[in-house]
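For reference, the structure discussed in these notes is given below.
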Amino acid sequence: MTAIRYQDRTFDCAPGQTVLDCLTAGGVAVPSSCRAGVCQSCLMRAEEGEVPAAAQAGLKPTLAAQGYFLACSCRPQAPLTVALPDAERLRMAAEVVSIEPLNADIVAVKLKPSQQMAYRAGQFIRLYKDPAQSRCYSLASVPELDDHLEIHVRAVPGGQVSGWVHRELRAGDAVEIADSSGLCFYVDDRPEQPLLLLGTGSGLAPLYGIVRDALNQGHRGPVWLYHGSTGPQGLYRTGELAALAERHPDFHYVRCVSEGEAPAGFRPGTPLDAACADHPVLDGWRVFLCGHPELVRKGRMQAFLAGASMADIHADPFVPSGGLAAAA
Amino acid sequence: MSLYEQIGGDAAVNAAVDIFYRKVLRDDRINRFFTGVDMERQAAKQKAFLTMAFGGPNNYSGLDMRRGHAHLVAQGLNDSHFDAVVENLGATLKELNVPDSLIAQVAAIAETTRNDVLGK
């Protein structure tokens with residue numbers, strides 16, 4: 001018998017029995033469908049213990065790296081503590097270290113969590129205005145490079161949380177956040193692989209983190225970042241990114257403006273337009289898409305049709321509050 | 001050795017799913033049935049379908065097939081579209097150098113779902 005811990009209960013898993021069968025027999029409602037390691041309905045996460053490799057077959061490397069596994073294919077050899085992926089994430093207190101404007105609409109908020117938080121650049125945290133109102137923001141910071149968590153908050157017209165951040169929040173304030181999650185981050189399993197990162201507006205935040213994370217981890221393949229906005233004034237961190245490109249010859253930073261005439265140094269159109277023109281074939285590339293939901297949806301389709309493998313296309317999983325027009 | 005093992009099991013399904021899904025999305029005869037849906041969820045479904053068609057582990061039922069495709073039948077899904085999917089499936093396996101005799105067996109398994117998929 002192998003012990004499986006779920007929430008505060010322990011279940012005995014018989015030799016050869018799957019975690020799914022063990023928990024289901026014990027009365028735990030674990031979603032499942034094919035029971036053959038295919039549909040991924042029974043995705044769970046190991047919080048402690050080693051998961052057999054067979055239970056992670058077919059999962060994205062980002063999922064496997066976080067301990068996710070398929071309960072229907074998991075015949076554990078050693079005790080495991082498991083959780084469902086949508087289980088309520090740990091909330092914690094954090095201190096606002098600084099709030100700095102990045103452009104007319106977007107501020108960088110630096111936060112110091114009250115407890116150690118393991119995260120990857122490009123994951124997101126939830127920021128609570130109060131117990132009823134919260135929003136998710138992607139992390140632009142890299143644990144190995146930055147002292148604090150950093151998020152980029154755009155002032156959404158009528159936005160409850162973003163309005164509060166822009167108008168009321170001050171350095172030194174105490175806030176509540178929820179632990180990081182999300183699968184849009186760099187994994188260093190193929191350091192030669194070309195990377196393509198596309199974003200609009202504050203969708204730069206995760207990409208800014210991922211690019212610096214990849215370069216810091218010694219990524220050797222070419223890295224292309226396309227950041228777009230309606231006009232040049234919507235772009236930010238341009239100096240830092242240009243300096244990064246100076247230091248890393250394989251890192252290419254392309255600024256795009258989708259309205260009006262593009263000034264010298266800017267490309268006309270969306271980041272997707274520019275990237276597709278530069279890289280019509282994406283066989284073997286890894287692609288990150290963040291920002292405007294329509295850009296993410298179209299980008300996913302175009303990257304796939306251009307040859308990128310589905311498992312290599314990562315996107316911000318949540319739609320910014322405020323709707324499509326506001327997200328531009 | 002089962003058909004699934006002869007084709008190459010789970011690794012073969014993983015190799016086939018991107019190629020197959022990309023062919024389907026590029027095929028103007030049928031791609032309208034596949035746009036506007038979440039691509040990742042769709043890819044997981046394609047994988048389940050390929051596993052079943054390769055003779056692998058599955059618990060697909062005729063009822064699932066009917067329910068899962070009823071909204072597409074309402075949009076005009078018919079035999080010609082089913083044929084196009086089977087054609088893309090065969091082309092995918094050909095690209096992966098699967099012998100014709102095995103491709104014929106896969107096509108025969110896919111064929112068993114025709115009436116359920118088309119709600120006949």
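Residue numbers start at 1 in each chain; chains themselves are named A, B, ... in the order of the structure tokens; ligands are numbered from 1 in the order shown.
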Tell me as a compact mmCIF listing (two decimals) with C-alpha atoms, in the first residue's frame which residues belonging to chain B come within 6 Å of chain A, counting only C-alpha atoms.
```txt
# COMPACT_ATOMS: atom_id res chain seq x y z
CA ALA B 44 -6.41 17.04 -26.76
CA ALA B 48 -7.98 11.01 -28.10
CA PRO B 57 -6.80 2.51 -25.15
CA ASN B 58 -10.01 4.52 -25.13
CA ASN B 59 -13.50 4.45 -23.84
```
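Using only C-alpha atoms, the residues found no farther than 7 Å from A:Ala108, other than those of its own chain fewer than 5 positions away, are Ile99, Glu100, Pro101, Leu102, Glu150, Ile151, His152 and Val153 of chain A.
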Inset, instruction - Do a neighbour search on B:Val98 at 10 Å with only C-alpha atoms, toss out local chain neighbours closer than 6 positions, and write the hits as a ChimeraX atom specification. - result: /B:6-8,12,90-92
Inset, instruction - Tell me which protein, DNA and RNA residues are within 8 Å of stretch 16-29 of chain B, counting only C-alpha atoms, leaving out same-chain ones fewer than 2 positions away, and put them as a list in words. - result: Phe304, Leu305, Ser309 and Met310 of chain A; Ala12, Val13, Asn14, Asn31, Arg32, Phe34, Thr35, Ala43, Gln46, Lys47, Leu50, His81, Ala84, Val85, Asn88, Leu89, Thr92, Leu93 and Leu96 of chain B
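Taking atom CA of B:Ala15 and atom CA of A:Thr18 as the two end points, the separation is 26.1 Å.
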Inset, instruction - Check the smallest atom-to-atom distance from each of A:Cys72, A:Ala29, A:Leu43, A:Ala83 to A:Leu59 using only C-alpha atoms, then report the winner. - result: A:Leu43
DSSP-assigned strand (DSSP E) among stretch 65-253 of chain A, expressed as an mmCIF file with C-alpha atoms, in the first residue's frame:
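And here is the file that came out, out05.cif:
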```
data_model
loop_
_atom_site.group_PDB
_atom_site.id
_atom_site.type_symbol
_atom_site.label_atom_id
_atom_site.label_comp_id
_atom_site.auth_asym_id
_atom_site.auth_seq_id
_atom_site.Cartn_x
_atom_site.Cartn_y
_atom_site.Cartn_z
ATOM 1 C CA TYR A 68 1.435 18.152 -12.630
ATOM 2 C CA PHE A 69 0.473 14.601 -13.587
ATOM 3 C CA LEU A 70 -2.442 12.557 -14.884
ATOM 4 C CA LEU A 80 2.373 11.416 -2.615
ATOM 5 C CA THR A 81 0.599 14.550 -1.479
ATOM 6 C CA VAL A 82 -1.694 15.675 -4.274
ATOM 7 C CA ALA A 83 -4.051 18.552 -5.092
ATOM 8 C CA ARG A 91 -3.073 33.731 -0.006
ATOM 9 C CA MET A 92 -0.424 35.823 1.653
ATOM 10 C CA ALA A 93 0.329 39.364 2.702
ATOM 11 C CA ALA A 94 2.707 41.533 0.691
ATOM 12 C CA GLU A 95 4.172 45.011 1.044
ATOM 13 C CA VAL A 96 4.128 47.523 -1.795
ATOM 14 C CA VAL A 97 7.796 48.445 -2.294
ATOM 15 C CA SER A 98 7.305 50.976 -5.091
ATOM 16 C CA ILE A 99 4.937 52.179 -7.802
ATOM 17 C CA GLU A 100 6.589 53.723 -10.867
ATOM 18 C CA PRO A 101 4.951 54.962 -14.070
ATOM 19 C CA ILE A 106 0.811 51.639 -17.094
ATOM 20 C CA VAL A 107 2.623 51.503 -13.747
ATOM 21 C CA ALA A 108 5.162 48.986 -12.457
ATOM 22 C CA VAL A 109 4.241 47.778 -8.964
ATOM 23 C CA LYS A 110 6.957 46.076 -6.934
ATOM 24 C CA LEU A 111 5.814 43.810 -4.132
ATOM 25 C CA LYS A 112 7.575 42.042 -1.296
ATOM 26 C CA PRO A 113 5.656 38.952 -0.182
ATOM 27 C CA PHE A 124 0.824 35.381 -12.642
ATOM 28 C CA ILE A 125 -0.275 36.360 -9.160
ATOM 29 C CA ARG A 126 -3.688 37.497 -8.012
ATOM 30 C CA LEU A 127 -3.800 40.927 -6.374
ATOM 31 C CA TYR A 128 -6.691 41.560 -3.979
ATOM 32 C CA LYS A 129 -8.193 45.017 -3.607
ATOM 33 C CA ASP A 130 -10.493 43.511 -0.991
ATOM 34 C CA GLN A 133 -12.307 42.095 -5.847
ATOM 35 C CA SER A 134 -9.078 40.854 -7.311
ATOM 36 C CA ARG A 135 -7.270 40.636 -10.649
ATOM 37 C CA CYS A 136 -4.473 38.487 -12.051
ATOM 38 C CA TYR A 137 -1.236 40.148 -13.138
ATOM 39 C CA SER A 138 1.725 38.501 -14.831
ATOM 40 C CA LEU A 149 7.891 40.717 -7.471
ATOM 41 C CA GLU A 150 7.044 43.112 -10.291
ATOM 42 C CA ILE A 151 3.715 43.473 -12.094
ATOM 43 C CA HIS A 152 2.586 45.987 -14.738
ATOM 44 C CA VAL A 153 -0.857 47.437 -14.173
ATOM 45 C CA ARG A 154 -2.642 49.331 -16.919
ATOM 46 C CA ALA A 174 0.057 46.208 2.848
ATOM 47 C CA VAL A 175 -1.918 44.160 0.308
ATOM 48 C CA GLU A 176 -2.997 40.544 -0.131
ATOM 49 C CA ILE A 177 -1.848 38.397 -3.032
ATOM 50 C CA ALA A 178 -2.333 34.773 -4.041
ATOM 51 C CA ASP A 179 0.592 32.515 -4.881
ATOM 52 C CA SER A 180 1.857 32.398 -8.459
ATOM 53 C CA SER A 181 0.421 30.054 -11.036
ATOM 54 C CA LEU A 195 12.100 31.735 -29.244
ATOM 55 C CA LEU A 196 9.412 34.088 -30.501
ATOM 56 C CA LEU A 197 7.657 36.394 -28.021
ATOM 57 C CA LEU A 198 4.710 38.572 -29.059
ATOM 58 C CA GLY A 199 2.876 41.039 -26.869
ATOM 59 C CA THR A 200 0.837 44.224 -26.801
ATOM 60 C CA VAL A 223 15.271 35.202 -29.177
ATOM 61 C CA TRP A 224 12.871 37.579 -30.954
ATOM 62 C CA LEU A 225 10.637 39.928 -28.961
ATOM 63 C CA TYR A 226 7.908 41.935 -30.720
ATOM 64 C CA HIS A 227 6.126 44.515 -28.578
ATOM 65 C CA GLY A 228 3.292 46.529 -30.035
ATOM 66 C CA SER A 229 0.894 49.325 -29.199
ATOM 67 C CA PHE A 251 18.338 38.779 -28.766
ATOM 68 C CA HIS A 252 16.307 40.911 -31.184
ATOM 69 C CA TYR A 253 13.857 43.553 -29.992
#
```
